[in-house]
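For reference, target22.cif is printed below; it contains mmCIF, C-alpha atoms, pLDDT in the B column; chains and numbers go by the auth columns.
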```
data_data
#
loop_
_atom_site.group_PDB
_atom_site.id
_atom_site.type_symbol
_atom_site.label_atom_id
_atom_site.label_comp_id
_atom_site.label_asym_id
_atom_site.label_seq_id
_atom_site.Cartn_x
_atom_site.Cartn_y
_atom_site.Cartn_z
_atom_site.B_iso_or_equiv
_atom_site.auth_seq_id
_atom_site.auth_asym_id
ATOM 1 C CA ALA A 1 -24.436 -1.651 29.528 72.00 876 D
ATOM 2 C CA GLY A 2 -21.919 1.129 29.293 79.00 877 D
ATOM 3 C CA THR A 3 -21.015 4.092 27.166 84.00 878 D
ATOM 4 C CA VAL A 4 -20.758 3.959 23.394 85.00 879 D
ATOM 5 C CA LYS A 5 -18.386 6.375 21.741 85.00 880 D
ATOM 6 C CA LEU A 6 -18.545 6.845 17.967 84.00 881 D
ATOM 7 C CA ILE A 7 -15.234 7.697 16.319 85.00 882 D
ATOM 8 C CA PHE A 8 -15.113 8.686 12.658 85.00 883 D
ATOM 9 C CA GLN A 9 -11.592 8.201 11.338 81.00 884 D
ATOM 10 C CA PRO A 10 -10.538 10.292 8.354 80.00 885 D
ATOM 11 C CA ALA A 11 -7.953 9.062 5.843 77.00 886 D
ATOM 12 C CA GLU A 12 -7.987 5.472 7.101 73.00 887 D
ATOM 13 C CA GLU A 13 -6.074 4.185 4.080 70.00 888 D
ATOM 14 C CA ARG A 14 -3.514 6.982 3.943 75.00 889 D
ATOM 15 C CA VAL A 15 -0.196 7.001 5.757 77.00 890 D
ATOM 16 C CA PRO A 16 -0.008 7.965 8.583 74.00 891 D
ATOM 17 C CA GLY A 17 -3.810 7.646 8.613 75.00 892 D
ATOM 18 C CA GLY A 18 -6.307 9.409 10.788 78.00 893 D
ATOM 19 C CA ALA A 19 -6.285 6.955 13.695 81.00 894 D
ATOM 20 C CA SER A 20 -2.732 7.654 14.839 81.00 895 D
ATOM 21 C CA ILE A 21 -3.358 11.401 14.794 86.00 896 D
ATOM 22 C CA MET A 22 -6.705 11.076 16.579 88.00 897 D
ATOM 23 C CA ILE A 23 -5.197 8.834 19.275 88.00 898 D
ATOM 24 C CA LYS A 24 -2.356 11.315 19.803 90.00 899 D
ATOM 25 C CA ASP A 25 -4.988 14.053 20.140 91.00 900 D
ATOM 26 C CA GLY A 26 -6.790 12.070 22.894 91.00 901 D
ATOM 27 C CA VAL A 27 -9.794 10.518 21.148 90.00 902 D
ATOM 28 C CA LEU A 28 -9.578 7.437 23.398 91.00 903 D
ATOM 29 C CA LYS A 29 -9.846 9.533 26.588 91.00 904 D
ATOM 30 C CA ASN A 30 -12.751 11.254 28.370 88.00 905 D
ATOM 31 C CA PRO A 31 -14.495 8.826 28.387 89.00 906 D
ATOM 32 C CA GLY A 32 -11.915 6.065 28.109 87.00 907 D
ATOM 33 C CA VAL A 33 -12.377 3.246 25.640 88.00 908 D
ATOM 34 C CA ASN A 34 -12.337 -0.448 26.609 86.00 909 D
ATOM 35 C CA SER A 35 -13.058 -1.975 23.195 84.00 910 D
ATOM 36 C CA ILE A 36 -13.256 -0.799 19.602 83.00 911 D
ATOM 37 C CA ILE A 37 -15.318 -2.245 16.810 82.00 912 D
ATOM 38 C CA GLY A 38 -14.248 -0.890 13.436 80.00 913 D
ATOM 39 C CA GLN A 39 -16.479 -0.667 10.414 80.00 914 D
ATOM 40 C CA HIS A 40 -15.228 -0.807 6.831 79.00 915 D
ATOM 41 C CA VAL A 41 -17.071 -1.126 3.550 80.00 916 D
ATOM 42 C CA GLN A 42 -17.273 -4.539 1.907 82.00 917 D
ATOM 43 C CA PRO A 43 -18.928 -4.316 -1.502 86.00 918 D
ATOM 44 C CA TYR A 44 -19.427 -8.091 -1.655 88.00 919 D
ATOM 45 C CA LEU A 45 -21.912 -8.091 1.240 89.00 920 D
ATOM 46 C CA ASP A 46 -25.558 -7.435 0.489 91.00 921 D
ATOM 47 C CA CYS A 47 -26.873 -4.033 1.541 89.00 922 D
ATOM 48 C CA GLY A 48 -28.110 -4.085 5.140 87.00 923 D
ATOM 49 C CA LYS A 49 -25.856 -6.971 6.228 86.00 924 D
ATOM 50 C CA ILE A 50 -22.648 -6.943 8.248 84.00 925 D
ATOM 51 C CA GLY A 51 -19.813 -9.424 8.349 85.00 926 D
ATOM 52 C CA ILE A 52 -17.561 -10.100 11.298 86.00 927 D
ATOM 53 C CA ARG A 53 -14.754 -12.575 11.864 86.00 928 D
ATOM 54 C CA SER A 54 -12.136 -13.143 14.575 89.00 929 D
ATOM 55 C CA GLY A 55 -8.429 -13.485 13.911 90.00 930 D
ATOM 56 C CA MET A 56 -6.358 -12.006 11.090 88.00 931 D
ATOM 57 C CA TYR A 57 -8.563 -10.064 8.753 86.00 932 D
ATOM 58 C CA MET A 58 -7.239 -6.941 7.003 87.00 933 D
ATOM 59 C CA ALA A 59 -3.758 -6.585 5.535 92.00 934 D
ATOM 60 C CA SER A 60 -1.149 -3.982 6.352 93.00 935 D
ATOM 61 C CA ALA A 61 -1.167 -1.127 3.847 91.00 936 D
ATOM 62 C CA ASP A 62 2.049 0.523 2.733 95.00 937 D
ATOM 63 C CA GLU A 63 2.250 3.303 0.146 96.00 938 D
ATOM 64 C CA ILE A 64 4.899 3.218 -2.573 97.00 939 D
ATOM 65 C CA TYR A 65 6.067 6.367 -4.338 98.00 940 D
ATOM 66 C CA LEU A 66 8.737 6.217 -6.994 97.00 941 D
ATOM 67 C CA THR A 67 10.106 8.634 -9.539 98.00 942 D
ATOM 68 C CA VAL A 68 12.119 7.177 -12.389 98.00 943 D
ATOM 69 C CA LYS A 69 14.529 9.795 -13.718 98.00 944 D
ATOM 70 C CA GLY A 70 16.104 9.801 -17.150 98.00 945 D
ATOM 71 C CA LYS A 71 16.796 12.493 -19.725 98.00 946 D
ATOM 72 C CA GLY A 72 13.916 13.575 -21.913 97.00 947 D
ATOM 73 C CA GLY A 73 14.057 14.394 -25.580 97.00 948 D
ATOM 74 C CA HIS A 74 12.390 14.138 -28.949 97.00 949 D
ATOM 75 C CA ALA A 75 11.163 10.665 -29.854 96.00 950 D
ATOM 76 C CA ALA A 76 12.755 10.934 -33.308 97.00 951 D
ATOM 77 C CA HIS A 77 16.215 11.051 -31.700 97.00 952 D
ATOM 78 C CA PRO A 78 16.413 8.050 -29.327 95.00 953 D
ATOM 79 C CA ALA A 79 20.194 8.245 -29.050 95.00 954 D
ATOM 80 C CA THR A 80 19.892 11.640 -27.337 96.00 955 D
ATOM 81 C CA PHE A 81 17.674 10.701 -24.410 97.00 956 D
ATOM 82 C CA ILE A 82 17.464 8.205 -21.552 98.00 957 D
ATOM 83 C CA ASP A 83 13.910 6.881 -21.578 98.00 958 D
ATOM 84 C CA PRO A 84 12.279 6.756 -18.126 98.00 959 D
ATOM 85 C CA VAL A 85 8.997 5.547 -19.685 98.00 960 D
ATOM 86 C CA THR A 86 10.508 2.301 -20.954 97.00 961 D
ATOM 87 C CA ALA A 87 12.417 1.851 -17.690 98.00 962 D
ATOM 88 C CA SER A 88 9.175 2.376 -15.738 98.00 963 D
ATOM 89 C CA ALA A 89 7.363 -0.233 -17.802 98.00 964 D
ATOM 90 C CA GLN A 90 10.111 -2.761 -17.079 98.00 965 D
ATOM 91 C CA ILE A 91 10.108 -1.865 -13.381 98.00 966 D
ATOM 92 C CA LEU A 92 6.364 -2.562 -13.180 98.00 967 D
ATOM 93 C CA VAL A 93 6.728 -5.893 -14.962 97.00 968 D
ATOM 94 C CA ALA A 94 9.633 -6.901 -12.705 97.00 969 D
ATOM 95 C CA LEU A 95 7.762 -5.894 -9.536 97.00 970 D
ATOM 96 C CA GLN A 96 4.780 -8.060 -10.478 93.00 971 D
ATOM 97 C CA GLN A 97 7.064 -11.075 -10.105 93.00 972 D
ATOM 98 C CA LEU A 98 7.782 -10.116 -6.499 93.00 973 D
ATOM 99 C CA VAL A 99 4.442 -11.404 -5.218 91.00 974 D
ATOM 100 C CA SER A 100 3.629 -13.998 -7.877 90.00 975 D
ATOM 101 C CA ARG A 101 6.990 -15.740 -7.399 90.00 976 D
ATOM 102 C CA SER A 102 7.003 -15.661 -3.599 90.00 977 D
ATOM 103 C CA ASP A 103 5.437 -17.957 -1.005 91.00 978 D
ATOM 104 C CA PRO A 104 1.802 -18.363 -2.151 89.00 979 D
ATOM 105 C CA ARG A 105 0.694 -19.163 1.413 91.00 980 D
ATOM 106 C CA ILE A 106 1.352 -15.557 2.500 93.00 981 D
ATOM 107 C CA PRO A 107 -1.462 -13.244 1.398 92.00 982 D
ATOM 108 C CA SER A 108 0.111 -10.303 -0.444 95.00 983 D
ATOM 109 C CA VAL A 109 -0.894 -7.676 -2.967 96.00 984 D
ATOM 110 C CA LEU A 110 1.404 -5.305 -4.857 97.00 985 D
ATOM 111 C CA SER A 111 -0.565 -2.893 -7.045 97.00 986 D
ATOM 112 C CA PHE A 112 0.163 0.360 -8.820 97.00 987 D
ATOM 113 C CA GLY A 113 -2.721 2.702 -9.464 97.00 988 D
ATOM 114 C CA LYS A 114 -1.123 5.798 -10.947 98.00 989 D
ATOM 115 C CA ILE A 115 1.583 6.415 -13.530 98.00 990 D
ATOM 116 C CA THR A 116 2.345 9.956 -14.687 98.00 991 D
ATOM 117 C CA ALA A 117 4.804 10.600 -17.499 97.00 992 D
ATOM 118 C CA ASN A 118 3.661 14.016 -18.805 95.00 993 D
ATOM 119 C CA GLY A 119 5.381 13.655 -22.158 96.00 994 D
ATOM 120 C CA ALA A 120 3.633 13.895 -25.511 96.00 995 D
ATOM 121 C CA THR A 121 3.210 11.691 -28.558 96.00 996 D
ATOM 122 C CA ASN A 122 6.684 12.682 -29.695 97.00 997 D
ATOM 123 C CA ILE A 123 8.314 13.902 -26.471 98.00 998 D
ATOM 124 C CA ILE A 124 9.965 11.638 -23.919 98.00 999 D
ATOM 125 C CA PRO A 125 9.740 13.223 -20.444 98.00 1000 D
ATOM 126 C CA ASP A 126 12.612 13.570 -17.977 98.00 1001 D
ATOM 127 C CA GLU A 127 10.824 11.506 -15.345 98.00 1002 D
ATOM 128 C CA VAL A 128 7.916 9.199 -14.610 98.00 1003 D
ATOM 129 C CA GLU A 129 6.050 9.076 -11.306 98.00 1004 D
ATOM 130 C CA ILE A 130 4.487 5.807 -10.151 98.00 1005 D
ATOM 131 C CA ILE A 131 2.429 5.269 -7.007 98.00 1006 D
ATOM 132 C CA GLY A 132 1.002 2.102 -5.538 97.00 1007 D
ATOM 133 C CA THR A 133 0.453 -0.052 -2.498 96.00 1008 D
ATOM 134 C CA PHE A 134 1.886 -3.181 -0.904 97.00 1009 D
ATOM 135 C CA ARG A 135 -0.332 -5.189 1.461 96.00 1010 D
ATOM 136 C CA THR A 136 0.293 -8.374 3.394 96.00 1011 D
ATOM 137 C CA MET A 137 -0.617 -10.339 6.516 94.00 1012 D
ATOM 138 C CA ASP A 138 2.943 -11.260 7.517 95.00 1013 D
ATOM 139 C CA GLU A 139 5.371 -8.811 9.157 95.00 1014 D
ATOM 140 C CA PRO A 140 8.653 -10.644 8.365 96.00 1015 D
ATOM 141 C CA TRP A 141 7.614 -10.943 4.708 96.00 1016 D
ATOM 142 C CA ARG A 142 6.584 -7.281 4.718 97.00 1017 D
ATOM 143 C CA ALA A 143 10.112 -6.238 5.728 97.00 1018 D
ATOM 144 C CA GLU A 144 11.682 -8.589 3.177 97.00 1019 D
ATOM 145 C CA ALA A 145 9.330 -7.355 0.445 97.00 1020 D
ATOM 146 C CA HIS A 146 10.325 -3.736 1.117 98.00 1021 D
ATOM 147 C CA THR A 147 13.971 -4.735 0.619 97.00 1022 D
ATOM 148 C CA ARG A 148 13.148 -6.655 -2.562 97.00 1023 D
ATOM 149 C CA ILE A 149 11.037 -3.799 -3.943 98.00 1024 D
ATOM 150 C CA THR A 150 13.931 -1.397 -3.375 98.00 1025 D
ATOM 151 C CA ARG A 151 16.505 -3.725 -4.926 98.00 1026 D
ATOM 152 C CA THR A 152 14.307 -4.436 -7.962 98.00 1027 D
ATOM 153 C CA VAL A 153 13.421 -0.803 -8.614 98.00 1028 D
ATOM 154 C CA GLU A 154 17.031 0.385 -8.324 98.00 1029 D
ATOM 155 C CA SER A 155 18.570 -2.394 -10.422 98.00 1030 D
ATOM 156 C CA VAL A 156 16.035 -2.211 -13.271 98.00 1031 D
ATOM 157 C CA ALA A 157 16.266 1.587 -13.403 98.00 1032 D
ATOM 158 C CA ALA A 158 20.072 1.344 -13.539 98.00 1033 D
ATOM 159 C CA ALA A 159 19.901 -1.239 -16.339 98.00 1034 D
ATOM 160 C CA PHE A 160 18.129 1.401 -18.451 98.00 1035 D
ATOM 161 C CA GLY A 161 20.523 4.206 -17.466 98.00 1036 D
ATOM 162 C CA CYS A 162 18.000 5.815 -15.144 98.00 1037 D
ATOM 163 C CA THR A 163 18.025 6.696 -11.478 98.00 1038 D
ATOM 164 C CA VAL A 164 15.091 6.392 -9.128 98.00 1039 D
ATOM 165 C CA ASP A 165 13.783 8.080 -6.011 98.00 1040 D
ATOM 166 C CA LEU A 166 11.823 5.541 -3.974 98.00 1041 D
ATOM 167 C CA GLU A 167 9.818 6.073 -0.820 98.00 1042 D
ATOM 168 C CA ILE A 168 7.912 3.283 0.914 97.00 1043 D
ATOM 169 C CA ARG A 169 5.645 4.735 3.586 95.00 1044 D
ATOM 170 C CA LYS A 170 4.951 2.025 6.126 94.00 1045 D
ATOM 171 C CA GLY A 171 1.302 2.057 7.169 90.00 1046 D
ATOM 172 C CA TYR A 172 -0.544 0.215 9.888 87.00 1047 D
ATOM 173 C CA PRO A 173 0.183 -3.468 10.555 90.00 1048 D
ATOM 174 C CA PHE A 174 -2.364 -6.109 9.603 91.00 1049 D
ATOM 175 C CA LEU A 175 -5.533 -6.314 11.700 89.00 1050 D
ATOM 176 C CA VAL A 176 -6.256 -9.110 14.156 90.00 1051 D
ATOM 177 C CA ASN A 177 -9.818 -9.128 15.474 90.00 1052 D
ATOM 178 C CA ASP A 178 -10.121 -10.137 19.124 89.00 1053 D
ATOM 179 C CA GLU A 179 -11.833 -13.532 19.512 91.00 1054 D
ATOM 180 C CA LYS A 180 -13.718 -12.685 22.727 90.00 1055 D
ATOM 181 C CA LEU A 181 -15.007 -9.318 21.466 88.00 1056 D
ATOM 182 C CA THR A 182 -16.014 -10.896 18.160 88.00 1057 D
ATOM 183 C CA ALA A 183 -17.937 -13.629 20.005 88.00 1058 D
ATOM 184 C CA ARG A 184 -19.692 -11.035 22.226 85.00 1059 D
ATOM 185 C CA THR A 185 -20.636 -9.015 19.151 81.00 1060 D
ATOM 186 C CA THR A 186 -22.227 -11.959 17.376 75.00 1061 D
ATOM 187 C CA ASP A 187 -24.254 -13.146 20.400 69.00 1062 D
#
```

structure tokens encoding of this file:
Amino acid sequence: AGTVKLIFQPAEERVPGGASIMIKDGVLKNPGVNSIIGQHVQPYLDCGKIGIRSGMYMASADEIYLTVKGKGGHAAHPATFIDPVTASAQILVALQQLVSRSDPRIPSVLSFGKITANGATNIIPDEVEIIGTFRTMDEPWRAEAHTRITRTVESVAAAFGCTVDLEIRKGYPFLVNDEKLTARTTD
């Protein structure tokens, strides 16, 4: 018994995400909301089935934007440029150690899905843009990882004579599904 209110959140995986904006705009008022059940795609479930679980379930999602800056030039004259492409490759390799060489009991993912250099076969660009995501289920580790990402990116870039602009946009915290609501939903 009661009122059901359907809320369709845009940009759920983007920072700041649609939920925070919708809440600020009053989506949880008139009528008020007592409980929320979120729905998200899960490609591993068969079509027509749903999955539900109480407790920690979905990781926090932070966005990482970095621009590695060097000095472009012609590939035939390596002494005249500072190569942000090579520095970027080393940054990515170094960052992969951040999760794989940390506490394996803390679920974490650090992935980069876009690298843009905009050079040519024989032209080294001035800068390389890299974007990715960091996700975890542990808030203290999340804060520490942000510090370690920053330190790694800056030190590797400097080792190659480059500078870097880094922005880590902190997204929503990890999701904890309410045990009582989950139990009521599965009855």

- Task: Would you mind telling me which residue in D:Ile966, D:Val908, D:Val974, D:Ala954 lies nearest to D:Ile990 when using all atoms listed in the file?
- Result: D:Ile966

- Give me the residues within 12 Å of D:Thr991 as a list in words, counting all atoms listed in the file and dropping any in the same chain fewer than 4 places off. Tyr940, Leu941, Thr942, Val943, Pro959, Val960, Ser963, Ala964, Phe987, Ala995, Pro1000, Asp1001, Glu1002, Val1003, Glu1004, Ile1005 and Ile1006 of chain D

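Residues with any atom within 12 Å of D:Ala1034, counting all atoms listed in the file and excluding same-chain neighbours fewer than 3 positions away, are Gly945, Ile957, Asp958, Pro959, Thr961, Ala962, Ser963, Gln965, Ile966, Thr1027, Val1028, Glu1029, Ser1030, Val1031, Cys1037, Thr1038 and Val1039 of chain D.
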
Would you export the selected residues with C-alpha atoms as a tab-separated table (two decimals), in the coordinates of the input, please?
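Generated output (result-v2.tsv):
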```
chain	number	residue	atom	x	y	z
D	945	GLY	CA	16.10	9.80	-17.15
D	957	ILE	CA	17.46	8.20	-21.55
D	958	ASP	CA	13.91	6.88	-21.58
D	959	PRO	CA	12.28	6.76	-18.13
D	961	THR	CA	10.51	2.30	-20.95
D	962	ALA	CA	12.42	1.85	-17.69
D	963	SER	CA	9.18	2.38	-15.74
D	965	GLN	CA	10.11	-2.76	-17.08
D	966	ILE	CA	10.11	-1.86	-13.38
D	1027	THR	CA	14.31	-4.44	-7.96
D	1028	VAL	CA	13.42	-0.80	-8.61
D	1029	GLU	CA	17.03	0.38	-8.32
D	1030	SER	CA	18.57	-2.39	-10.42
D	1031	VAL	CA	16.04	-2.21	-13.27
D	1037	CYS	CA	18.00	5.82	-15.14
D	1038	THR	CA	18.02	6.70	-11.48
D	1039	VAL	CA	15.09	6.39	-9.13
```

- Query: With only C-alpha atoms as the basis for distance, which of D:Gly877, D:Gly930, D:Pro906, D:Gly923 is at the shortest distance from D:Ala1058?
  - Reply: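 Checking each of D:Gly877, D:Gly930, D:Pro906, D:Gly923 against D:Ala1058, counting only C-alpha atoms, the winner is D:Gly930.
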
Cut-off 12 Å: closest stretch 885-993 of chain D/stretch 1012-1021 of chain D atom pairs per residue, using only C-alpha atoms, as CSV:
```
residue,atom,partner,partner_atom,distance
D:Gly930,CA,D:Met1012,CA,11.2
D:Met931,CA,D:Met1012,CA,7.5
D:Tyr932,CA,D:Met1012,CA,8.3
D:Met933,CA,D:Met1012,CA,7.5
D:Ala934,CA,D:Met1012,CA,5.0
D:Ser935,CA,D:Met1012,CA,6.4
D:Ala936,CA,D:Met1012,CA,9.6
D:Asp937,CA,D:Arg1017,CA,9.2
D:Glu938,CA,D:His1021,CA,10.8
D:Ile939,CA,D:His1021,CA,9.6
D:Leu970,CA,D:Ala1020,CA,10.2
D:Gln971,CA,D:Ala1020,CA,11.9
D:Gln972,CA,D:Ala1020,CA,11.4
D:Leu973,CA,D:Ala1020,CA,7.6
D:Val974,CA,D:Ala1020,CA,8.5
D:Arg976,CA,D:Ala1020,CA,11.7
D:Ser977,CA,D:Ala1020,CA,9.5
D:Asp978,CA,D:Trp1016,CA,9.3
D:Pro979,CA,D:Trp1016,CA,11.7
D:Arg980,CA,D:Asp1013,CA,10.2
D:Ile981,CA,D:Asp1013,CA,6.8
D:Pro982,CA,D:Met1012,CA,5.9
D:Ser983,CA,D:Met1012,CA,7.0
D:Val984,CA,D:Met1012,CA,9.9
D:Leu985,CA,D:Ala1020,CA,9.8
```

- For D:Leu967, which of D:Ala886, D:Gly1007, D:His952, D:Asn997 is the closest residue, counting only C-alpha atoms? D:Gly1007

- Would you work out the distance separating atom CA of D:Arg1044 from atom CA of D:Val890, expressed in Å to one decimal?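 Taking atom CA of D:Arg1044 and atom CA of D:Val890, their separation equals 6.6 Å.
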
- Task: Could you check which of D:Phe1009, D:Gly892, D:Tyr1047, D:Ala969 is closest to D:Arg1026, using only C-alpha atoms?
- Result: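 The closest residue to D:Arg1026 is D:Ala969.
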
- Message: Just the number, please: distance in Å from atom CA of D:Ile1043 to atom CA of D:Thr1011, one decimal.
- Response: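 Value for the atom CA of D:Ile1043-atom CA of D:Thr1011 distance: 14.1 Å.
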
- Between atom CA of D:His949 and atom CA of D:Leu1041, distance in Å (one decimal): 26.4 Å

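Contact shell of D:Thr1061 at 10 Å (all atoms listed in the file; same-chain neighbours under 4 positions omitted): D:Gly926, D:Ile927, D:Arg928, D:Leu1056, D:Thr1057.
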
Output C-alpha atoms of each residue in that selection to a file, as a PDB file, in the frame of the given file.
```pdb
ATOM      1  CA  GLY D 926     -19.813  -9.424   8.349  1.00 85.00           C
ATOM      2  CA  ILE D 927     -17.561 -10.100  11.298  1.00 86.00           C
ATOM      3  CA  ARG D 928     -14.754 -12.575  11.864  1.00 86.00           C
ATOM      4  CA  LEU D1056     -15.007  -9.318  21.466  1.00 88.00           C
ATOM      5  CA  THR D1057     -16.014 -10.896  18.160  1.00 88.00           C
TER       6      THR D1057
END
```

- Message: Can you spell out as a ChimeraX atom specification the set of residues that the PyMOL selection byres ((chain D and resi 925) around 12) selects in the structure I just provided?
- Response: /D:913-924,926-928,1060-1061

- Residue with smallest distance to D:Lys944 - pool D:Gln884, D:Phe956, D:Ser929, D:Ser895, counting all atoms listed in the file: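 Of all the options, D:Phe956 lies closest to D:Lys944.
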
- Task: Tell me which residues the PyMOL selection byres ((chain D and resi 902) around 12) grabs here, as a VMD selection string.
- Result: chain D and resid 880 to 884 893 to 901 903 to 908 911

Export: stretch 921-936 of chain D, N, CA and C atoms, as a compact mmCIF listing (two decimals), in the first residue's frame:
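New file result_21.txt:
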```
# COMPACT_ATOMS: atom_id res chain seq x y z
N ASP D 921 20.20 -13.06 -16.82
CA ASP D 921 19.37 -13.40 -17.97
C ASP D 921 18.27 -12.36 -18.14
N CYS D 922 17.88 -12.13 -19.37
CA CYS D 922 16.80 -11.20 -19.68
C CYS D 922 15.53 -11.61 -18.93
N GLY D 923 14.86 -10.64 -18.32
CA GLY D 923 13.63 -10.91 -17.59
C GLY D 923 13.84 -11.23 -16.12
N LYS D 924 15.07 -11.27 -15.66
CA LYS D 924 15.36 -11.57 -14.25
C LYS D 924 15.95 -10.33 -13.59
N ILE D 925 15.75 -10.25 -12.27
CA ILE D 925 16.36 -9.17 -11.49
C ILE D 925 17.22 -9.80 -10.41
N GLY D 926 18.19 -9.05 -9.96
CA GLY D 926 19.03 -9.48 -8.85
C GLY D 926 18.97 -8.42 -7.77
N ILE D 927 18.99 -8.84 -6.54
CA ILE D 927 18.95 -7.90 -5.43
C ILE D 927 19.77 -8.49 -4.28
N ARG D 928 20.47 -7.63 -3.57
CA ARG D 928 21.30 -8.08 -2.46
C ARG D 928 21.42 -6.95 -1.45
N SER D 929 21.43 -7.29 -0.16
CA SER D 929 21.60 -6.28 0.88
C SER D 929 23.09 -6.07 1.13
N GLY D 930 23.39 -4.97 1.78
CA GLY D 930 24.78 -4.66 2.14
C GLY D 930 25.50 -3.89 1.03
N MET D 931 26.84 -3.86 1.15
CA MET D 931 27.64 -3.15 0.15
C MET D 931 27.45 -3.81 -1.21
N TYR D 932 27.25 -2.95 -2.22
CA TYR D 932 27.01 -3.54 -3.53
C TYR D 932 27.73 -2.85 -4.67
N MET D 933 27.56 -1.56 -4.85
CA MET D 933 28.19 -0.87 -5.99
C MET D 933 29.25 0.10 -5.49
N ALA D 934 30.36 0.14 -6.20
CA ALA D 934 31.51 0.94 -5.79
C ALA D 934 31.28 2.43 -6.02
N SER D 935 32.06 3.23 -5.30
CA SER D 935 32.12 4.66 -5.59
C SER D 935 32.66 4.80 -7.01
N ALA D 936 32.43 5.94 -7.62
CA ALA D 936 32.90 6.15 -9.00
C ALA D 936 33.46 7.56 -9.14
```
